[in-house]
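Asker: I'd like to ask you about the structure that follows.
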Amino acid sequence: MTFKRSDGRGIEEMRPIKAEVGVVPNADGSAIFSFGKTVAIAAVYGPRKMHPQHQQDPEKGKLRCNYNMLSFSVDDRIRPGPSRRSTEISKITEWALEPVLLIEKYPNLVIDVHINILQADASTRCAGINAAALALAHAGIPMKNLVSSVSIGKLDKQLVVDVDKEEEDFEEGEGSTDIPITMTPEGDITHIQLDGKISIEELKEVVQLAKKSVKKIYEVQKKALKESVKL
Amino acid sequence: METAKVTGERIKSYLSTGKRFDGRKQDEFRDITIETGISEKAEGSARVKIGNTEVIVGVKLSVSEPYPDSPNKGNLMVTSELLPLSSERFESGPPKFPAIELGRLIDRAIRESKFINLEKLCIKEGEKVWSVFIDIYSINYDGNLIDAAGIGAILSLKTAYLPKYDQENEKVLYGEHTDQKIPLSEELPIVITSHKIGGNIIVDPTIEEEDVSETRITIGGSVEGKLFSIQKGGIKEITVEEMDKLLEMNDNARKKVYSQIKKYL
Amino acid sequence: MSDKMERQIVIPGEVIAKGENYLPGSGTEKIGDEIVSTKYGLAELSDRLIKVISLSGIYQPRKGNVVIGKVENITFYGWVISLDAPETSFLPLQEIPRYVNKGDLSEVLDIGDMIVAKILDVTSRGIDLTMKSRGLEKINEGIIVKINSNKVPRIIGKEGSMINLIKKGSGCEITVGQNGLIWIKGKNIEDELLVKRAINFVSEKSFTNGLTEEVKKWFENEGKPINE
């Protein structure tokens with residue numbers, strides 16, 4: 001049986017990916033990243049002094065992410081300001097990025113990463129993490145590596161790469177399962193979430209599929225950083 | 001870092017000879033670049049850059065109950081967020097006064113000019129009307145967010161289409177745009193903010209000029225010279241003579257801005 | 001990679017070189033027999049040492065750096081100075097080249113004043129500054145321009161060649177702080193603004209070769225040819 005995706009993509013085919021750094025002149029580092037119609041912009045400020053002071057960590061620097069969807073990034077307008085969802089994604093994003101950051105030499109300081117979703121067509125947290133990783137590198141923050149993020153979906157019984165909104169809402173058969181995963185280019189997992197229903201065997205396949213996909217994303221991120229400077 | 005005092009002194013003394021650091025005339029804007037239709041999810045949207053300042057504005061429409069005191073009119077709501085992404089000077093957290101004021105300034109210019117024909121946005125009197133939400137976001141802050149936001153707001157309104165409304169199920173079908181535009185009047189409100197620095201008046205300040213500004217006056221008006229909204233901000237007084245001069249310069253700048261943006265309208 | 005390694009842009013995690021011939025310098029680490037970049041920047045080889053030079057990011061204070069800062073606060077023992085760096089800097093009373101009455105600190109340096117100072121020491125508590133050296137002073141007039149601190153070496157040029165060229169072309173006195181703040185003082189504001197534009201021109205062109213010639217041409221186009 002061949003599975004047909006609603007927009008005609010192959011099952012391992014991602015939507016067109018675009019990445020660019022240096023999009024916010026004021027920031028110490030910035031980037032925009034998109035999967036098709038999902039567009040995320042990220043800006044890094046710091047390392048700078050942590051306020052409030054009681055949150056300072058004398059042992060190491062702190063990463064503080066702030067994920068925010070613009071009110072008009074979705075069909076039904078979102079009321080501006082943080083929600084329970086955005087608060088959780090902010091933290092998830094920190095966890096996804098922290099393993100590759102070398103910020104122990106910034107005691108008492110904070111690195112702020114502001115992520116804004118300009119347009120949402122599913123996989124916004126993945127686009128946000130990809131933009132954030134680029135913005136951190138662009139800001140000259142010491143890092144072991146980049147990370148890249150993709151969402152793998154299970155639509156009924158079929159695994160697909162880079163879920164869009166229509167697929168997220170898929171209801172036939174076993175319905176839709178969404179598994180956003182973030183990895184280093186070597187395939188170390190720094191973030192995984194799942195909503196839906198899946199077997200252990202299938203999940204192992206999902207991880208392999210993610211490993212293949214993040215390599216492609218990594219190449220786009222790498223190109224964006226390298227091409228932003230003319231030698 | 002805020003502009004250094006010594007630099008501020010130089011800005012003032014140079015301005016007293018009628019000149020600005022970037023070579024502009026007192027009533028001259030930086031280059032304005034515009035892109036409309038930047039968001040597929042918004043009913044109308046625009047990106048406006050004035051020099052290094054950048055804002056994006058989106059219009060969303062939904063169906064809701066009218067306010068009791070205007071049962072046959074659509075609703076209008078303007079909000080703005082000064083994103084911490086756009087400047088080290090903006091912090092996360094609940095909106096502070098500058099963000100609230102920015103939304104209010106744009107709201108009043110649009111409301112008082114009757115640019116949107118709110119009566120025509122009534123679906124069923126007393127029960128169902130269209131609500132128009134204009135949301136403004138700063139992307140990079142280098143002075144004069146107010147005027148950029150104003151341009152973004154009118155362009156978003158101008159380029160917006162109503163989504164389909166399913167009367168029976170009382171549901172807005174987003175993504176199924178009609179070819180119906182938001183009913184707008186010809187009288188376009190353009191917001192221009194003038195600043196007083198020393199004894200001199202300028203428009204479109206950079207962040208350095210804004211740092212040394214003593215007083216500002218924001219005016220929403222039409223290119224024909226009708227004024228719809230005024231707000232003075234800042235802690236210094238302004239003389240009647242300065243006000244006269246300001247009104248003229250403000251009007252000149254509005255005409256020039258209009259000629260730059262009209263092809264997008 | 002040969003000894004004549006091409007300058008290249010590298011990203012975090014990228015393998016710059018393999019084998020035992022190379023030593024890991026700043027911005028790199030050695031993993032197995034590979035030299036791996038730990039930041040985004042320009043990889044350079046000198047002798048056997050590979051290092052990555054930042055293109056962006058904040059100022060890293062170093063002992064001996066001449067910097068430009070702003071007085072943020074006054075304490076009983078000296079002045080708190082902002083260098084536009086995350087760490088707090090302190091200029092102690094005794095590091096001023098004159099006698100100061102303990103009650104009159106604000107008469108010497110007041111909040112908002114700008115100074116040229118030198119970094120005495122960088123400790124875990126912060127940065128200590130001094131003004132006891134030639135060229136270190138309070139900034140009384142002129143303009144302050146901010147550039148990314150990573151571009152400072154380009155503005156100064158080899159043995160000061162670039163900054164001397166700009167000084168010559170403009171007739172201004174220019175003090176470049178390693179933290180990216182630059183103080184320009186000239187006979188008139190026009191000259192100072194000429195320097196401001198020249199600095200922006202150079203910092204935007206950071207990585208092109210033959211920059212000196214380009215800057216000379218730039219001054220010519222501005223109607224201020226440099227006579228040598």
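In the structure tokens, chains take letters A, B, ... by order of appearance, with residues numbered from 1 within each chain and ligands from 1 in the order shown.
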Fewer than 5 positions away in the same chain doesn't count, so skip those; otherwise give me all residues within 9 Å of Leu93 (chain C), counting only C-alpha atoms, as a list in words.
Answerer: Phe76, Tyr77, Gly78, Trp79, Tyr99, Val100, Lys102 and Leu105 of chain C
Asker: Would you write out, as CSV, a table of all residues in chain B that have an atom no more than 7 Å from an atom of chain C, listing for each the closest atom pair and the distance in Å to one decimal, considering only C-alpha atoms and ordering rows by chain and rising residue number?
Answerer:
```
residue,atom,partner,partner_atom,distance
B:Met1,CA,C:Asp84,CA,6.6
B:Ala4,CA,C:Ile144,CA,6.8
B:Lys5,CA,C:Gly112,CA,6.6
B:Val6,CA,C:Glu141,CA,5.5
B:Thr7,CA,C:Ile143,CA,4.4
B:Arg10,CA,C:Ile143,CA,6.8
B:Phe21,CA,C:Leu193,CA,6.9
```
Asker: Can you write just those residues out, C-alpha atoms, as an mmCIF file, in the first residue's frame?
Answerer:
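The resulting file, out.cif, is reproduced below:
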```cif
data_model
loop_
_atom_site.group_PDB
_atom_site.id
_atom_site.type_symbol
_atom_site.label_atom_id
_atom_site.label_comp_id
_atom_site.auth_asym_id
_atom_site.auth_seq_id
_atom_site.Cartn_x
_atom_site.Cartn_y
_atom_site.Cartn_z
ATOM 1 C CA MET B 1 23.388 51.064 26.232
ATOM 2 C CA ALA B 4 26.050 58.791 25.835
ATOM 3 C CA LYS B 5 25.505 62.295 27.205
ATOM 4 C CA VAL B 6 28.355 63.727 25.116
ATOM 5 C CA THR B 7 26.855 62.263 21.955
ATOM 6 C CA ARG B 10 26.442 66.852 19.839
ATOM 7 C CA PHE B 21 23.659 62.973 12.237
#
```
Asker: Excluding same-chain residues fewer than 5 positions from region 125-131 of chain A, what lies within 8 Å of it counting only C-alpha atoms, as a VMD selection string?
Answerer: chain A and resid 19 30 to 35 38 to 42 67 89 93 96 to 97 115 to 117 147 to 151 180 to 182 221
Asker: Contacts of Ala122 (chain A) at 7 Å or less, counting only C-alpha atoms, minus same-chain residues fewer than 6 places along, as a ChimeraX atom specification?
Answerer: /A:38,163-165
Asker: Selection from above, C-alpha atoms, as a tab-separated table (two decimals), in the first residue's frame, can you write it?
Answerer:
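Once everything was written out, this is again.tsv:
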```
chain	number	residue	atom	x	y	z
A	38	THR	CA	5.67	27.35	9.63
A	163	VAL	CA	3.99	16.93	10.07
A	164	ASP	CA	1.88	19.85	8.85
A	165	LYS	CA	-1.38	21.07	10.38
```
Asker: Contacts from chain B to chain A, 10 Å maximum, only C-alpha atoms: show me the residue list as a PyMOL selection string.
Answerer: chain B and resi 38-45+52-54+56-62+79-81+83-88+92-95+133-137+139-142+172-175
Asker: Between C:Asp191, C:Asp128, C:Glu173, C:Glu34, which is the closest to Glu87 (chain C) once you count only C-alpha atoms?
Answerer: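 Among the listed residues, the smallest separation from Glu87 (chain C) belongs to C:Asp128.
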Asker: Report the closest atom pair, with its distance in Å rounded to one decimal, for each residue of chain C that has an atom no farther than 8 Å from chain A; count only C-alpha atoms, sort by chain and then rising residue number, and write it as a Markdown table.
Answerer:
```
| residue | atom | partner | partner_atom | distance |
| --- | --- | --- | --- | --- |
| C:Gln8 | CA | A:Leu231 | CA | 7.8 |
| C:Ile9 | CA | A:Lys226 | CA | 5.8 |
| C:Val10 | CA | A:Lys226 | CA | 6.9 |
| C:Ile11 | CA | A:Lys222 | CA | 7.0 |
| C:Pro12 | CA | A:Asn145 | CA | 4.8 |
| C:Gly13 | CA | A:Asn145 | CA | 4.1 |
| C:Glu14 | CA | A:Asn145 | CA | 7.6 |
| C:Gly27 | CA | A:Pro142 | CA | 7.5 |
| C:Ser37 | CA | A:Lys144 | CA | 7.8 |
| C:Thr38 | CA | A:Met143 | CA | 5.1 |
| C:Lys39 | CA | A:Pro142 | CA | 4.9 |
| C:Tyr40 | CA | A:Gly140 | CA | 5.6 |
| C:Gly41 | CA | A:Gly140 | CA | 7.4 |
| C:Ser54 | CA | A:Gly140 | CA | 6.2 |
| C:Leu55 | CA | A:Gly140 | CA | 7.1 |
| C:Ser56 | CA | A:Gly140 | CA | 5.5 |
| C:Gly57 | CA | A:Ala139 | CA | 4.6 |
| C:Ile58 | CA | A:Gly46 | CA | 6.9 |
| C:Ala85 | CA | A:Arg48 | CA | 7.2 |
| C:Pro86 | CA | A:Arg48 | CA | 4.4 |
| C:Glu87 | CA | A:Lys49 | CA | 7.0 |
| C:Phe207 | CA | A:Leu231 | CA | 5.3 |
| C:Thr208 | CA | A:Leu231 | CA | 6.2 |
```
Asker: Counting only C-alpha atoms, give me one row per residue of region 4-101 of chain B with an atom at most 12 Å from an atom of region 192-213 of chain B, showing the shortest contact pair and its distance in Å to one decimal, sorted by chain then residue number, as a tab-separated table.
Answerer:
```
residue	atom	partner	partner_atom	distance
B:Ala4	CA	B:Glu208	CA	8.9
B:Lys5	CA	B:Val212	CA	8.7
B:Val6	CA	B:Val212	CA	10.9
B:Thr7	CA	B:Glu208	CA	8.5
B:Gly8	CA	B:Val212	CA	6.0
B:Glu9	CA	B:Val212	CA	8.5
B:Arg10	CA	B:Val212	CA	10.4
B:Ile11	CA	B:Glu209	CA	7.3
B:Lys12	CA	B:Gly198	CA	6.1
B:Ser13	CA	B:Gly198	CA	8.4
B:Tyr14	CA	B:Asn200	CA	10.4
B:Leu15	CA	B:Asn200	CA	6.9
B:Ser16	CA	B:Asn200	CA	6.7
B:Thr17	CA	B:Asn200	CA	9.5
B:Gly18	CA	B:Asn200	CA	8.0
B:Lys19	CA	B:Ile202	CA	10.1
B:Arg20	CA	B:Glu209	CA	9.1
B:Phe21	CA	B:Glu209	CA	9.1
B:Asp22	CA	B:Thr206	CA	9.3
B:Arg24	CA	B:Ile202	CA	9.8
B:Lys25	CA	B:Ile202	CA	8.2
B:Gln26	CA	B:Ile202	CA	4.6
B:Asp27	CA	B:Val203	CA	5.4
B:Glu28	CA	B:Val203	CA	6.7
B:Phe29	CA	B:Asp204	CA	5.5
B:Arg30	CA	B:Asp204	CA	7.2
B:Asp31	CA	B:Asp204	CA	10.4
B:Ile32	CA	B:Asp204	CA	10.8
B:Lys49	CA	B:Asp204	CA	11.9
B:Ile50	CA	B:Asp204	CA	8.4
B:Gly51	CA	B:Thr206	CA	8.5
B:Asn52	CA	B:Thr206	CA	8.7
B:Thr53	CA	B:Thr206	CA	8.5
B:Ser87	CA	B:Ile207	CA	10.9
B:Arg89	CA	B:Ile207	CA	11.1
```
Asker: Those residues you just picked out, can you put them in a file as a short mmCIF file (atom, residue, chain, number, x, y, z; two decimals), in the first residue's frame with N, CA and C atoms?
Answerer:
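Written output follows (part_25.cif):
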```cif
data_model
loop_
_atom_site.label_atom_id
_atom_site.label_comp_id
_atom_site.auth_asym_id
_atom_site.auth_seq_id
_atom_site.Cartn_x
_atom_site.Cartn_y
_atom_site.Cartn_z
N ALA B 4 25.18 58.06 24.91
CA ALA B 4 26.05 58.79 25.83
C ALA B 4 25.68 60.27 25.87
N LYS B 5 25.84 60.86 27.04
CA LYS B 5 25.50 62.30 27.20
C LYS B 5 26.26 63.17 26.22
N VAL B 6 27.57 62.89 26.05
CA VAL B 6 28.36 63.73 25.12
C VAL B 6 27.80 63.64 23.69
N THR B 7 27.43 62.44 23.29
CA THR B 7 26.85 62.26 21.96
C THR B 7 25.54 63.04 21.86
N GLY B 8 24.75 62.95 22.92
CA GLY B 8 23.48 63.67 22.98
C GLY B 8 23.67 65.17 22.80
N GLU B 9 24.71 65.70 23.47
CA GLU B 9 25.00 67.14 23.35
C GLU B 9 25.32 67.50 21.89
N ARG B 10 26.09 66.62 21.24
CA ARG B 10 26.44 66.85 19.84
C ARG B 10 25.19 66.81 18.94
N ILE B 11 24.31 65.84 19.22
CA ILE B 11 23.07 65.74 18.43
C ILE B 11 22.31 67.06 18.53
N LYS B 12 22.21 67.58 19.77
CA LYS B 12 21.46 68.83 20.00
C LYS B 12 22.12 70.01 19.31
N SER B 13 23.45 70.13 19.46
CA SER B 13 24.08 71.33 18.89
C SER B 13 24.09 71.27 17.36
N TYR B 14 24.20 70.07 16.81
CA TYR B 14 24.15 69.93 15.35
C TYR B 14 22.75 70.27 14.84
N LEU B 15 21.76 69.83 15.61
CA LEU B 15 20.38 70.09 15.22
C LEU B 15 20.06 71.58 15.27
N SER B 16 20.74 72.29 16.18
CA SER B 16 20.49 73.74 16.26
C SER B 16 20.98 74.46 15.00
N THR B 17 21.80 73.78 14.19
CA THR B 17 22.16 74.34 12.89
C THR B 17 21.30 73.72 11.78
N GLY B 18 20.25 73.01 12.20
CA GLY B 18 19.30 72.43 11.25
C GLY B 18 19.72 71.10 10.68
N LYS B 19 20.78 70.50 11.25
CA LYS B 19 21.30 69.26 10.66
C LYS B 19 21.18 68.06 11.59
N ARG B 20 21.10 66.90 10.97
CA ARG B 20 20.99 65.65 11.73
C ARG B 20 22.18 64.75 11.41
N PHE B 21 22.48 63.85 12.36
CA PHE B 21 23.66 62.97 12.24
C PHE B 21 23.68 62.18 10.93
N ASP B 22 22.51 61.71 10.50
CA ASP B 22 22.51 60.89 9.29
C ASP B 22 22.24 61.71 8.03
N ARG B 24 19.81 63.73 7.31
CA ARG B 24 18.44 63.99 6.90
C ARG B 24 17.99 65.40 7.25
N LYS B 25 16.97 65.87 6.53
CA LYS B 25 16.33 67.13 6.90
C LYS B 25 15.42 66.87 8.10
N GLN B 26 15.00 67.96 8.76
CA GLN B 26 14.22 67.79 9.99
C GLN B 26 12.88 67.09 9.76
N ASP B 27 12.31 67.30 8.57
CA ASP B 27 11.00 66.67 8.31
C ASP B 27 11.12 65.45 7.40
N GLU B 28 12.33 64.89 7.35
CA GLU B 28 12.57 63.78 6.43
C GLU B 28 12.60 62.43 7.16
N PHE B 29 11.91 61.45 6.57
CA PHE B 29 11.93 60.08 7.10
C PHE B 29 13.14 59.32 6.56
N ARG B 30 13.52 58.27 7.26
CA ARG B 30 14.47 57.31 6.69
C ARG B 30 13.74 56.54 5.60
N ASP B 31 14.47 55.70 4.86
CA ASP B 31 13.82 54.91 3.81
C ASP B 31 12.75 54.00 4.42
N ILE B 32 11.62 53.97 3.76
CA ILE B 32 10.54 53.09 4.22
C ILE B 32 10.44 51.91 3.25
N LYS B 49 9.46 48.57 7.42
CA LYS B 49 10.79 48.95 7.93
C LYS B 49 10.98 50.43 7.68
N ILE B 50 11.36 51.13 8.74
CA ILE B 50 11.78 52.52 8.58
C ILE B 50 13.24 52.54 9.03
N GLY B 51 14.15 52.66 8.10
CA GLY B 51 15.56 52.50 8.44
C GLY B 51 15.76 51.12 9.05
N ASN B 52 16.37 51.06 10.23
CA ASN B 52 16.58 49.79 10.90
C ASN B 52 15.43 49.37 11.80
N THR B 53 14.42 50.21 11.92
CA THR B 53 13.25 49.85 12.73
C THR B 53 12.35 48.95 11.90
N SER B 87 14.85 44.27 20.99
CA SER B 87 15.77 45.21 21.62
C SER B 87 16.16 44.73 23.00
N ARG B 89 16.44 46.59 25.31
CA ARG B 89 15.73 47.46 26.25
C ARG B 89 14.35 46.94 26.63
#
```
Asker: As a tab-separated table (two decimals) with C-alpha atoms, in the first residue's frame, please: every residue in region 8-117 of chain A that DSSP puts in strand (DSSP E or B).
Answerer:
```
chain	number	residue	atom	x	y	z
A	17	ILE	CA	13.28	24.41	4.55
A	18	LYS	CA	14.65	27.91	4.73
A	19	ALA	CA	17.16	29.35	7.17
A	20	GLU	CA	18.91	32.69	7.46
A	21	VAL	CA	20.97	34.31	10.22
A	29	GLY	CA	22.66	36.62	17.32
A	30	SER	CA	19.50	35.90	15.35
A	31	ALA	CA	17.95	33.57	12.81
A	32	ILE	CA	14.78	32.73	10.95
A	33	PHE	CA	13.83	29.14	10.16
A	34	SER	CA	10.88	27.74	8.27
A	35	PHE	CA	9.30	24.41	7.38
A	38	THR	CA	5.67	27.35	9.63
A	39	VAL	CA	7.99	30.27	10.31
A	40	ALA	CA	10.00	30.90	13.50
A	41	ILE	CA	12.31	33.79	14.29
A	42	ALA	CA	14.80	33.72	17.19
A	43	ALA	CA	17.07	36.33	18.75
A	44	VAL	CA	19.79	35.88	21.36
A	45	TYR	CA	20.84	38.53	23.87
A	46	GLY	CA	23.79	37.86	26.13
A	47	PRO	CA	25.47	36.40	28.01
A	48	ARG	CA	24.34	39.25	30.27
A	49	LYS	CA	23.69	39.77	33.93
A	62	LYS	CA	21.95	29.94	32.45
A	63	LEU	CA	19.93	29.53	29.27
A	64	ARG	CA	16.51	31.19	29.31
A	65	CYS	CA	14.18	30.55	26.37
A	66	ASN	CA	10.95	32.34	25.71
A	67	TYR	CA	8.64	30.80	23.08
A	68	ASN	CA	5.79	32.99	21.93
A	69	MET	CA	3.26	32.69	19.14
A	101	LEU	CA	25.99	24.55	25.15
A	109	LEU	CA	25.02	35.25	33.64
A	110	VAL	CA	22.05	34.46	31.47
A	111	ILE	CA	21.66	33.91	27.76
A	112	ASP	CA	18.21	34.95	26.63
A	113	VAL	CA	16.71	33.32	23.57
A	114	HIS	CA	13.48	34.88	22.33
A	115	ILE	CA	11.57	32.71	19.88
A	116	ASN	CA	8.53	34.06	18.05
A	117	ILE	CA	6.33	32.04	15.76
```
Asker: Using the chain letters and numbers from this document, which residues of region 69-171 of chain C does DSSP assign to helix (DSSP H, G or I), as a ChimeraX atom specification?
Answerer: /C:93-95,102-108,149-156,158-170
Asker: Taking only C-alpha atoms into account, name the residue in A:Ala132, A:Trp95, A:Met14, A:Ser90 that is nearest to Leu209 (chain A).
Answerer: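 Ranking A:Ala132, A:Trp95, A:Met14, A:Ser90 by distance to Leu209 (chain A), first place goes to A:Met14.
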Asker: So which one's closest to Gly157 (chain C), C:Gly103, C:Thr212, C:Val80, C:Ser46? Using only C-alpha atoms, please.
Answerer: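 Among the listed residues, C:Thr212 lies closest to Gly157 (chain C).
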Asker: Do a neighbour search on region 214-225 of chain C at 9 Å with only C-alpha atoms, toss out local chain neighbours closer than 5 positions, and write the hits as a list in words.
Answerer: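 Those residues are Met162, Leu165, Ile166, Gly169, Ser170, Leu194, Ala198, Phe201 and Val202 of chain C.
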Asker: I want to know what sits within 9 Å of Lys132 (chain C), based on only C-alpha atoms, with residues of the same chain fewer than 3 positions away left out; could you give that as a PyMOL selection string?
Answerer: chain C and resi 95-98+117-118+135-137
Asker: Which polymer residues have any atom within 6 Å of an atom of Ile68 (chain C), counting only C-alpha atoms, with same-chain residues fewer than 4 positions away left out, as a count of residues only?
Answerer: 4
Asker: Which distance in Å separates CA of Asp166 (chain B) and CA of Trp130 (chain B), to one decimal?
Answerer: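 Atom-to-atom, CA of Asp166 (chain B) to CA of Trp130 (chain B), that is 12.9 Å.
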